[in-house]
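Trainee: Below is the structure I would like to discuss, written out as structure tokens.
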Amino acid sequence: MSSDNTTPSTNPTPARVDRARLRADIRALVAQSLTLKRRLRQRWTEPMAEVQQELLLVRRRTTECLVLLAWTRGRLHRTVRPRAGSVPDTQWVYVPIPRSNMLQRIAWTPEAYRDLIVAALYPEYALPSPVGASAEAR
């Protein structure tokens with residue numbers, strides 16, 4: 001199997017995450033969430049289902065980014081089992097897979113949830129490999 005220099009390592013490490021870009025994205029998502037929430041607080045003069053759906057997606061994306069940021073610090077962002085997607089009287093939870101409309105069933109543990117999110121978002125925020133960067137400089 002050949003290695004592709006454009007993809008980050010398959011073994012994510014917290015030190016290889018572009019934290020500045022991640023924090024900037026979190027700030028932008030929070031601002032977008034506040035704008036949408038402000039719009040939803042006003043008298044509804046138009047159908048708001050699309051705005052509510054957009055707010056849900058923005059907040060979900062914010063949570064995913066916060067999970068990745070907490071992972072870079074060696075912490076867990078989400079330690080309580082989510083209400084949405086929980087299967088009553090079982091340990092199973094259906095969690096959304098980042099950047100898709102799919103759900104994945106997992107046995108709920110904060111670590112399992114974190115690992116699912118990190119695996120999905122790490123490639124997007126991974127810094128270039130030092131080996132690849134030194135080869136390009138030559």
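Ligands are numbered from 1 in the order shown, residues from 1 within each chain, and chains are lettered A, B, ... in the order they appear in the structure tokens.
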Quick one: DSSP strand (DSSP E) residues in region 45-136 of chain A, as a ChimeraX atom specification?

Mentor: /A:92-96,103-107

Trainee: Taking the backbone alone, and naming residues the way the document does, which bits of chain A are helix (DSSP H, G or I) by DSSP, as a PyMOL selection string?

Mentor: chain A and resi 14-16+19-41+49-72+110-125+130-137

Trainee: Any idea what's packed within 9 Å of region 66-83 of chain A, counting only C-alpha atoms, ignoring anything in its chain fewer than 4 positions away? Could you give it as a PDB file with N, CA, C and O atoms, in the first residue's frame?

Mentor:
```pdb
ATOM      1  N   THR A  13      -2.662  12.326  17.024  1.00  0.00           N
ATOM      2  CA  THR A  13      -2.022  12.759  18.262  1.00  0.00           C
ATOM      3  C   THR A  13      -2.438  14.200  18.520  1.00  0.00           C
ATOM      4  O   THR A  13      -2.501  15.004  17.591  1.00  0.00           O
ATOM      5  N   PRO A  14      -2.718  14.538  19.786  1.00  0.00           N
ATOM      6  CA  PRO A  14      -3.186  15.891  20.098  1.00  0.00           C
ATOM      7  C   PRO A  14      -2.233  16.989  19.654  1.00  0.00           C
ATOM      8  O   PRO A  14      -2.666  18.074  19.285  1.00  0.00           O
ATOM      9  N   ALA A  15      -0.944  16.727  19.656  1.00  0.00           N
ATOM     10  CA  ALA A  15       0.028  17.751  19.289  1.00  0.00           C
ATOM     11  C   ALA A  15      -0.046  18.100  17.803  1.00  0.00           C
ATOM     12  O   ALA A  15       0.450  19.146  17.392  1.00  0.00           O
ATOM     13  N   ARG A  16      -0.663  17.271  16.989  1.00  0.00           N
ATOM     14  CA  ARG A  16      -0.710  17.486  15.545  1.00  0.00           C
ATOM     15  C   ARG A  16      -1.995  18.186  15.093  1.00  0.00           C
ATOM     16  O   ARG A  16      -2.314  18.184  13.916  1.00  0.00           O
ATOM     17  N   VAL A  17      -2.752  18.774  16.027  1.00  0.00           N
ATOM     18  CA  VAL A  17      -3.999  19.462  15.687  1.00  0.00           C
ATOM     19  C   VAL A  17      -3.737  20.961  15.569  1.00  0.00           C
ATOM     20  O   VAL A  17      -3.057  21.547  16.406  1.00  0.00           O
ATOM     21  N   ARG A  19      -4.707  23.959  16.484  1.00  0.00           N
ATOM     22  CA  ARG A  19      -5.601  24.509  17.514  1.00  0.00           C
ATOM     23  C   ARG A  19      -6.060  25.919  17.189  1.00  0.00           C
ATOM     24  O   ARG A  19      -7.188  26.295  17.522  1.00  0.00           O
ATOM     25  N   LEU A  22      -8.872  25.574  14.790  1.00  0.00           N
ATOM     26  CA  LEU A  22      -9.996  24.953  15.495  1.00  0.00           C
ATOM     27  C   LEU A  22     -10.703  25.982  16.376  1.00  0.00           C
ATOM     28  O   LEU A  22     -11.928  26.097  16.358  1.00  0.00           O
ATOM     29  N   ARG A  23      -9.930  26.768  17.122  1.00  0.00           N
ATOM     30  CA  ARG A  23     -10.530  27.800  17.975  1.00  0.00           C
ATOM     31  C   ARG A  23     -11.248  28.870  17.141  1.00  0.00           C
ATOM     32  O   ARG A  23     -12.319  29.358  17.517  1.00  0.00           O
ATOM     33  N   ILE A  26     -14.519  27.465  16.095  1.00  0.00           N
ATOM     34  CA  ILE A  26     -15.451  27.434  17.227  1.00  0.00           C
ATOM     35  C   ILE A  26     -16.042  28.824  17.448  1.00  0.00           C
ATOM     36  O   ILE A  26     -17.256  28.971  17.637  1.00  0.00           O
ATOM     37  N   ARG A  61     -22.175  20.769  15.310  1.00  0.00           N
ATOM     38  CA  ARG A  61     -20.810  20.976  14.813  1.00  0.00           C
ATOM     39  C   ARG A  61     -19.939  21.648  15.882  1.00  0.00           C
ATOM     40  O   ARG A  61     -18.774  21.295  16.057  1.00  0.00           O
ATOM     41  N   THR A  62     -20.514  22.598  16.626  1.00  0.00           N
ATOM     42  CA  THR A  62     -19.781  23.246  17.710  1.00  0.00           C
ATOM     43  C   THR A  62     -19.376  22.217  18.759  1.00  0.00           C
ATOM     44  O   THR A  62     -18.222  22.209  19.214  1.00  0.00           O
ATOM     45  N   VAL A  87     -31.267   4.923  23.585  1.00  0.00           N
ATOM     46  CA  VAL A  87     -32.215   3.819  23.573  1.00  0.00           C
ATOM     47  C   VAL A  87     -32.541   3.516  25.032  1.00  0.00           C
ATOM     48  O   VAL A  87     -31.642   3.163  25.797  1.00  0.00           O
ATOM     49  N   VAL A  93     -26.544   4.201  22.220  1.00  0.00           N
ATOM     50  CA  VAL A  93     -26.874   5.560  21.817  1.00  0.00           C
ATOM     51  C   VAL A  93     -26.597   5.670  20.326  1.00  0.00           C
ATOM     52  O   VAL A  93     -25.605   5.137  19.833  1.00  0.00           O
ATOM     53  N   VAL A  95     -25.461   8.167  17.668  1.00  0.00           N
ATOM     54  CA  VAL A  95     -24.812   9.473  17.573  1.00  0.00           C
ATOM     55  C   VAL A  95     -24.587   9.813  16.103  1.00  0.00           C
ATOM     56  O   VAL A  95     -24.300   8.937  15.290  1.00  0.00           O
ATOM     57  N   TRP A 108     -22.614   3.601  24.855  1.00  0.00           N
ATOM     58  CA  TRP A 108     -22.213   4.910  25.353  1.00  0.00           C
ATOM     59  C   TRP A 108     -21.139   4.831  26.423  1.00  0.00           C
ATOM     60  O   TRP A 108     -21.308   4.209  27.462  1.00  0.00           O
ATOM     61  N   THR A 109     -20.036   5.451  26.131  1.00  0.00           N
ATOM     62  CA  THR A 109     -19.025   5.838  27.106  1.00  0.00           C
ATOM     63  C   THR A 109     -18.482   7.165  26.587  1.00  0.00           C
ATOM     64  O   THR A 109     -18.455   7.386  25.373  1.00  0.00           O
ATOM     65  N   PRO A 110     -18.070   8.051  27.468  1.00  0.00           N
ATOM     66  CA  PRO A 110     -17.511   9.313  26.982  1.00  0.00           C
ATOM     67  C   PRO A 110     -16.318   9.095  26.056  1.00  0.00           C
ATOM     68  O   PRO A 110     -16.136   9.815  25.082  1.00  0.00           O
ATOM     69  N   GLU A 111     -15.534   8.068  26.332  1.00  0.00           N
ATOM     70  CA  GLU A 111     -14.355   7.789  25.513  1.00  0.00           C
ATOM     71  C   GLU A 111     -14.739   7.301  24.123  1.00  0.00           C
ATOM     72  O   GLU A 111     -14.111   7.677  23.132  1.00  0.00           O
ATOM     73  N   TYR A 113     -17.502   8.002  22.494  1.00  0.00           N
ATOM     74  CA  TYR A 113     -18.024   9.155  21.769  1.00  0.00           C
ATOM     75  C   TYR A 113     -16.877  10.043  21.297  1.00  0.00           C
ATOM     76  O   TYR A 113     -16.831  10.458  20.143  1.00  0.00           O
ATOM     77  N   ARG A 114     -15.935  10.319  22.198  1.00  0.00           N
ATOM     78  CA  ARG A 114     -14.780  11.154  21.841  1.00  0.00           C
ATOM     79  C   ARG A 114     -14.004  10.529  20.686  1.00  0.00           C
ATOM     80  O   ARG A 114     -13.650  11.213  19.732  1.00  0.00           O
ATOM     81  N   ILE A 117     -15.708  11.039  17.325  1.00  0.00           N
ATOM     82  CA  ILE A 117     -15.607  12.418  16.841  1.00  0.00           C
ATOM     83  C   ILE A 117     -14.181  12.729  16.396  1.00  0.00           C
ATOM     84  O   ILE A 117     -13.953  13.321  15.338  1.00  0.00           O
ATOM     85  N   VAL A 118     -13.196  12.325  17.198  1.00  0.00           N
ATOM     86  CA  VAL A 118     -11.794  12.592  16.856  1.00  0.00           C
ATOM     87  C   VAL A 118     -11.431  11.921  15.534  1.00  0.00           C
ATOM     88  O   VAL A 118     -10.781  12.522  14.680  1.00  0.00           O
ATOM     89  N   LEU A 121     -13.005  14.135  12.742  1.00  0.00           N
ATOM     90  CA  LEU A 121     -12.558  15.517  12.562  1.00  0.00           C
ATOM     91  C   LEU A 121     -11.046  15.685  12.486  1.00  0.00           C
ATOM     92  O   LEU A 121     -10.573  16.696  11.982  1.00  0.00           O
ATOM     93  N   TYR A 122     -10.289  14.743  13.005  1.00  0.00           N
ATOM     94  CA  TYR A 122      -8.832  14.896  13.040  1.00  0.00           C
ATOM     95  C   TYR A 122      -8.238  15.191  11.660  1.00  0.00           C
ATOM     96  O   TYR A 122      -7.415  16.097  11.540  1.00  0.00           O
TER      97      TYR A 122
END
```

Trainee: So the first atom is CA of Val30 (chain A) and the second is CA of Asn101 (chain A); what is the distance between them in Å, to one decimal place?

Mentor: 21.5 Å

Trainee: Of the residues A:Pro88, A:Pro96, A:Pro123, A:Pro47, which is the one nearest to Asp18 (chain A), using only C-alpha atoms?

Mentor: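 Once distances to Asp18 (chain A) are computed over only C-alpha atoms, the minimum belongs to A:Pro123.
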